[in-house]
>>> print(open('upload_9.txt').read())   # compact mmCIF, C-alpha atoms and all ligand atoms
# COMPACT_ATOMS: atom_id res chain seq x y z
CA MET M 1 88.61 115.47 119.31
CA ARG M 2 91.45 116.97 117.31
CA ASN M 3 93.89 114.52 118.91
CA ALA M 4 91.58 111.63 118.09
CA VAL M 5 91.56 112.67 114.44
CA TRP M 6 95.37 112.79 114.40
CA VAL M 7 95.54 109.35 115.95
CA LEU M 8 93.36 108.00 113.15
CA VAL M 9 95.33 109.81 110.45
CA LEU M 10 98.69 108.60 111.78
CA ALA M 11 97.48 105.07 112.42
CA ALA M 12 96.29 104.92 108.82
CA ALA M 13 99.56 106.39 107.54
CA CYS M 14 101.99 104.28 109.54
CA ALA M 15 100.42 100.88 109.98
CA PRO M 16 100.31 97.88 107.69
CA ARG M 17 97.70 98.17 104.97
CA PRO M 18 96.79 95.94 102.07
CA ALA M 19 97.56 96.88 98.50
CA THR M 20 94.62 97.21 96.12
CA ILE M 21 95.58 95.34 92.95
CA THR M 22 93.37 92.35 92.09
CA PRO M 23 95.10 89.72 89.95
CA THR M 24 93.49 88.05 86.95
CA PRO M 25 91.76 84.77 87.97
CA ILE M 26 93.64 81.62 86.97
CA ALA M 27 91.83 78.32 86.27
CA GLY M 28 92.04 75.98 89.26
CA GLN M 29 92.99 78.74 91.71
CA ARG M 30 91.25 78.69 95.10
CA ALA M 31 88.36 81.12 95.24
CA ASP M 32 89.66 82.91 98.33
CA SER M 33 93.07 83.45 96.77
CA LEU M 34 91.64 85.51 93.92
CA GLU M 35 91.66 88.63 96.06
CA VAL M 36 95.27 88.29 97.22
CA PRO M 37 97.31 90.92 95.40
CA ASN M 38 100.72 90.15 93.96
CA ALA M 39 102.57 91.99 96.73
CA ILE M 40 101.08 89.77 99.45
CA HIS M 41 101.38 86.62 97.30
CA TRP M 42 105.07 87.36 96.66
CA TYR M 43 105.82 88.10 100.29
CA ARG M 44 104.07 84.96 101.54
CA ASN M 45 104.94 82.44 98.85
CA ALA M 46 107.85 83.42 96.60
CA VAL M 47 111.16 81.75 97.33
CA GLU M 48 112.77 84.95 96.05
CA TYR M 49 111.47 86.77 99.14
CA ARG M 50 112.93 84.19 101.50
CA ALA M 51 116.24 84.27 99.62
CA ILE M 52 116.47 88.07 99.87
CA ALA M 53 115.63 88.08 103.58
CA ARG M 54 118.35 85.51 104.28
CA GLU M 55 120.80 87.43 102.08
CA VAL M 56 120.18 90.66 104.02
CA TYR M 57 120.59 88.95 107.38
CA ARG M 58 123.74 87.15 106.24
CA LEU M 59 125.29 90.47 105.18
CA ALA M 60 124.16 92.11 108.45
CA THR M 61 125.73 89.28 110.45
CA GLU M 62 129.07 89.66 108.62
CA GLN M 63 129.16 93.42 109.07
CA VAL M 64 128.09 93.39 112.72
CA THR M 65 130.63 90.68 113.52
CA ARG M 66 133.35 92.89 112.00
CA GLN M 67 132.21 96.11 113.68
CA ALA M 68 131.77 94.52 117.11
CA GLU M 69 135.40 93.40 117.21
CA GLY M 70 137.10 94.88 120.27
CA LEU M 71 133.92 96.42 121.69
CA PRO M 72 133.24 95.58 125.37
CA SER M 73 130.39 93.14 125.91
CA GLY M 74 127.14 94.93 126.78
CA SER M 75 128.33 98.30 125.49
CA TRP M 76 126.81 98.17 122.02
CA ALA M 77 123.53 97.39 120.31
CA VAL M 78 121.71 96.76 117.09
CA ILE M 79 118.38 98.57 116.59
CA MET M 80 115.68 96.68 114.72
CA ASP M 81 112.14 97.38 113.62
CA ALA M 82 109.53 94.69 114.42
CA ASP M 83 106.89 94.36 111.69
CA GLU M 84 108.14 92.89 108.41
CA THR M 85 111.69 93.18 109.77
CA VAL M 86 111.68 90.40 112.37
CA LEU M 87 107.95 89.48 112.43
CA ASP M 88 105.98 88.44 109.33
CA ASN M 89 102.42 89.83 109.52
CA SER M 90 101.47 88.85 105.99
CA GLU M 91 98.68 86.62 107.34
CA TYR M 92 96.99 89.78 108.65
CA GLN M 93 97.41 91.34 105.19
CA ARG M 94 96.01 88.20 103.52
CA ARG M 95 92.95 88.17 105.77
CA ASN M 96 92.21 91.80 104.93
CA ALA M 97 92.65 91.10 101.22
CA VAL M 98 90.29 88.10 101.09
CA ARG M 99 87.70 89.85 103.27
CA GLY M 100 87.91 93.08 101.34
CA THR M 101 88.74 94.95 104.53
CA SER M 102 91.49 97.47 105.32
CA PHE M 103 93.80 98.01 108.24
CA ASN M 104 92.02 99.16 111.36
CA GLN M 105 93.12 99.30 114.96
CA GLU M 106 90.60 96.74 116.20
CA THR M 107 91.61 93.95 113.80
CA TRP M 108 95.30 94.89 114.11
CA TYR M 109 95.19 94.60 117.91
CA ALA M 110 93.32 91.27 117.58
CA TRP M 111 96.04 89.97 115.24
CA ALA M 112 98.80 91.18 117.58
CA ARG M 113 97.07 89.46 120.50
CA GLU M 114 97.09 86.15 118.62
CA GLN M 115 100.92 86.33 118.88
CA ALA M 116 100.95 84.24 115.72
CA ALA M 117 103.39 86.14 113.49
CA PRO M 118 106.24 83.87 112.35
CA PRO M 119 109.79 85.22 112.11
CA VAL M 120 111.23 86.82 108.98
CA PRO M 121 113.73 84.27 107.60
CA GLY M 122 117.19 84.84 109.05
CA ALA M 123 116.04 87.18 111.85
CA PRO M 124 116.19 84.69 114.77
CA GLU M 125 119.71 83.56 113.85
CA PHE M 126 120.90 87.16 113.43
CA THR M 127 119.57 88.27 116.83
CA ARG M 128 121.11 85.30 118.59
CA THR M 129 124.47 86.04 116.95
CA VAL M 130 124.31 89.68 118.10
CA GLN M 131 123.78 88.55 121.69
CA ARG M 132 126.50 85.90 121.45
CA LEU M 133 128.94 88.60 120.26
CA GLY M 134 128.09 90.69 123.36
CA GLY M 135 125.58 93.07 121.77
CA ARG M 136 122.06 94.04 122.78
CA VAL M 137 119.07 93.70 120.49
CA ALA M 138 116.77 96.72 120.78
CA ILE M 139 113.42 96.58 118.99
CA VAL M 140 112.03 100.04 118.18
CA THR M 141 108.53 99.53 116.82
CA GLY M 142 105.54 101.54 115.64
CA ARG M 143 103.29 99.24 117.69
CA ASP M 144 101.42 100.93 120.54
CA GLN M 145 102.00 100.32 124.25
CA ALA M 146 98.55 98.65 124.34
CA ILE M 147 99.93 95.61 122.48
CA CYS M 148 103.55 95.76 123.70
CA PRO M 149 103.38 92.75 126.08
CA GLU M 150 101.82 90.58 123.35
CA THR M 151 104.45 91.82 120.91
CA GLU M 152 107.27 90.80 123.25
CA ALA M 153 105.65 87.39 123.71
CA ASN M 154 105.30 86.96 119.92
CA LEU M 155 108.96 87.90 119.41
CA ARG M 156 110.09 85.31 121.92
CA ALA M 157 107.75 82.65 120.49
CA ALA M 158 109.21 83.36 117.04
CA GLY M 159 112.73 82.75 118.37
CA VAL M 160 113.82 86.39 118.09
CA ALA M 161 116.31 87.22 120.86
CA VAL M 162 115.54 90.66 122.32
CA ASP M 163 116.92 92.73 125.19
CA VAL M 164 114.50 95.62 125.06
CA VAL M 165 111.31 96.44 123.12
CA LEU M 166 110.44 100.14 122.83
CA CYS M 167 106.84 100.53 121.70
CA ARG M 168 105.29 103.85 120.72
CA ALA M 169 104.48 105.73 123.93
CA ASP M 170 102.28 108.34 122.26
CA PRO M 171 99.97 106.93 119.58
CA ALA M 172 100.07 110.29 117.78
CA PHE M 173 103.88 110.38 117.60
CA SER M 174 105.46 107.84 115.28
CA ASP M 175 108.98 109.33 114.90
CA LYS M 176 111.53 106.74 116.00
CA ASN M 177 114.49 109.14 116.24
CA PRO M 178 113.90 110.12 119.90
CA ARG M 179 113.94 106.43 120.87
CA PHE M 180 117.13 105.90 118.84
CA ARG M 181 118.72 108.77 120.80
CA ALA M 182 117.43 107.46 124.14
CA LEU M 183 119.15 104.11 123.51
CA ALA M 184 122.42 105.89 122.70
CA ASP M 185 122.07 108.21 125.72
CA GLY M 186 121.19 105.46 128.19
CA THR M 187 117.79 107.00 128.99
CA ALA M 188 115.60 104.44 127.18
CA ARG M 189 115.03 102.06 130.08
CA ALA M 190 116.27 101.69 133.66
CA GLY M 191 119.21 99.31 133.77
CA LEU M 192 120.27 99.96 130.19
CA PRO M 193 123.59 101.83 129.90
CA PRO M 194 124.37 104.24 127.03
CA LEU M 195 124.77 102.00 124.00
CA ARG M 196 126.92 102.39 120.93
CA ILE M 197 124.56 101.63 118.06
CA ILE M 198 126.49 99.79 115.36
CA ALA M 199 123.63 98.77 113.02
CA TRP M 200 119.97 99.35 112.16
CA VAL M 201 117.65 96.87 110.44
CA GLY M 202 114.24 97.78 109.00
CA ASP M 203 111.78 97.48 106.12
CA ASN M 204 110.86 101.19 105.93
CA ILE M 205 113.19 104.14 105.37
CA LEU M 206 111.71 105.66 108.57
CA ASP M 207 113.36 102.82 110.53
CA PHE M 208 116.75 104.50 109.95
CA PRO M 209 118.05 107.60 111.74
CA GLY M 210 117.13 110.87 110.09
CA LEU M 211 116.01 109.29 106.83
CA ASP M 212 112.77 109.58 104.89
CA GLN M 213 111.54 109.16 101.32
CA ALA M 214 113.59 112.23 100.28
CA ALA M 215 116.91 110.49 101.09
CA ASP M 216 119.47 110.99 98.30
CA ALA M 217 122.32 108.74 97.20
CA SER M 218 124.75 110.03 99.86
CA ALA M 219 122.18 109.48 102.63
CA LEU M 220 121.82 105.88 101.43
CA GLU M 221 125.59 105.28 101.69
CA PRO M 222 125.41 103.30 105.00
CA PHE M 223 123.15 100.62 103.49
CA GLY M 224 125.02 97.34 103.36
CA THR M 225 127.48 98.30 106.11
CA ARG M 226 125.52 99.81 109.03
CA TYR M 227 121.94 99.93 107.68
CA PHE M 228 120.12 96.86 106.37
CA MET M 229 116.78 96.92 104.54
CA LEU M 230 114.30 94.05 104.22
CA PRO M 231 111.89 94.12 101.26
CA ASN M 232 108.23 94.95 101.94
CA PRO M 233 106.08 95.40 98.83
CA MET M 234 102.82 95.26 100.86
CA TYR M 235 102.84 98.70 102.54
CA GLY M 236 105.17 101.47 103.64
CA SER M 237 105.90 105.18 103.66
CA TRP M 238 106.54 104.82 99.89
CA GLU M 239 102.78 104.48 99.28
CA ARG M 240 102.29 108.23 99.72
CA LEU M 241 104.75 109.12 96.93
CA PRO M 242 103.35 110.51 93.66
CA ARG M 243 102.52 107.63 91.29
CA ARG M 244 104.43 108.71 88.21
MG MG M 301 108.23 97.48 109.68
>>> encode(input="upload_9.txt", output="structure tokens")
Amino acid sequence: MRNAVWVLVLAAACAPRPATITPTPIAGQRADSLEVPNAIHWYRNAVEYRAIAREVYRLATEQVTRQAEGLPSGSWAVIMDADETVLDNSEYQRRNAVRGTSFNQETWYAWAREQAAPPVPGAPEFTRTVQRLGGRVAIVTGRDQAICPETEANLRAAGVAVDVVLCRADPAFSDKNPRFRALADGTARAGLPPLRIIAWVGDNILDFPGLDQAADASALEPFGTRYFMLPNPMYGSWERLPRR
């Protein structure tokens, strides 16, 4: 029972959830769009979002190309988060917003099983470049094992090139650091050698080794060279911060 409670608490804390702001109605606006908060509207519709995503992936491509120079093919990897890093689940957020519902495991699994998430702009091209340069693409995701096969299928359908997808083995344990270490140690998956990790890409500070919301300026130093952050105004570990 206690474990079940923790599963619920962690699922609520770590998984995509809708924001709660309701915009002012605008004349001529579709009735079902009235409940879509600005964060979801921006993510789904603003050209600024698509420009930023492409900008981040362009910078990541330049840096990875530079850092991979001279490294033996197959010896190195880039670690990437899945949701809102390479897959765009804003349709799931929109559905929750217009229905007045919140994230729950049943509807989240149903969405994952649709395998309908499109790619984040720039992500497919980046992953293909990593592989062409001789690197591996490792996806380390908060998604459970229960939806891992559908997640892999969605990634491939979206044109994201992947070598390995590490889903969360224990639903109550969301920390990605042990999986980061397993990839470096060569213990993540049979057939995968120890990998030199040259870059991380995510949309949440918890997608980066050893970092959390308390990270100071020096801890943020690798962003733009080895760490690359996509914007996600819809949900994240930032939601639990004090609202000053
Ligand atoms: Mg994410």
>>> axis_aligned_box(input="upload_9.txt", around="segment 66-77 of chain M", padding_each_side="8 Å", output="AutoDock Vina command-line options")
--center_x 130.3 --center_y 95.6 --center_z 119.4 --size_x 29.6 --size_y 21.4 --size_z 30.8
>>> residues_near_ligand(input="upload_9.txt", ligand="ligand MG 301 (chain M)", cutoff="9 Å", atoms="only C-alpha atoms and all ligand atoms", output="list in words")
Ala15, Pro16, Asp81, Ala82, Asp83, Glu84, Thr85, Val86, Leu87, Thr141, Gly142, Gly202, Asp203, Asn204, Leu206, Asp207, Leu230, Asn232 and Gly236 of chain M
>>> residues_around(input="upload_9.txt", residues="Pro233 of chain M", least_positions_apart="4", cutoff="9 Å", atoms="all atoms listed in the file", output="VMD selection string")
chain M and resid 19 38 to 40 42 to 43
>>> write_last_selection(input="upload_9.txt", atoms="C-alpha atoms", output="PDB file, keeping the file's coordinate frame")
ATOM      1  CA  ALA M  19      97.560  96.880  98.500  1.00  0.00           C
ATOM      2  CA  ASN M  38     100.720  90.150  93.960  1.00  0.00           C
ATOM      3  CA  ALA M  39     102.570  91.990  96.730  1.00  0.00           C
ATOM      4  CA  ILE M  40     101.080  89.770  99.450  1.00  0.00           C
ATOM      5  CA  TRP M  42     105.070  87.360  96.660  1.00  0.00           C
ATOM      6  CA  TYR M  43     105.820  88.100 100.290  1.00  0.00           C
TER       7      TYR M  43
END
>>> residues_around(input="upload_9.txt", residues="segment 130-138 of chain M", least_positions_apart="5", cutoff="12 Å", atoms="all atoms listed in the file", output="ChimeraX atom specification")
/M:57,60-82,86,123-125,152,155,160-167,179-180,182-184,188-189,192-201
>>> atom_distance(input="upload_9.txt", atom1="atom CA of Glu35 of chain M", atom2="atom CA of Glu114 of chain M")
23.3 Å
>>> atom_distance(input="upload_9.txt", atom1="atom CA of Arg58 of chain M", atom2="atom CA of Arg181 of chain M")
26.5 Å
>>> residues_around(input="upload_9.txt", residues="Glu55 of chain M", least_positions_apart="6", cutoff="12 Å", atoms="only C-alpha atoms", output="PyMOL selection string")
chain M and resi 48-49+61-62+120-123+126+224+228-231
>>> closest_residue(input="upload_9.txt", among="M:Ala110, M:Val98, M:Ala117, M:Ile205", to="Ala146 of chain M", atoms="all atoms listed in the file")
M:Ala110
>>> atom_distance(input="upload_9.txt", atom1="atom CA of Arg240 of chain M", atom2="atom CA of Ala51 of chain M")
27.7 Å
>>> closest_residue(input="upload_9.txt", among="M:Ser174, M:Ser237, M:Gln115, M:Thr127", to="Cys148 of chain M", atoms="only C-alpha atoms")
M:Gln115
>>> closest_residue(input="upload_9.txt", among="M:Gln213, M:Thr225, M:Thr151, M:Asn177", to="Pro118 of chain M", atoms="all atoms listed in the file")
M:Thr151
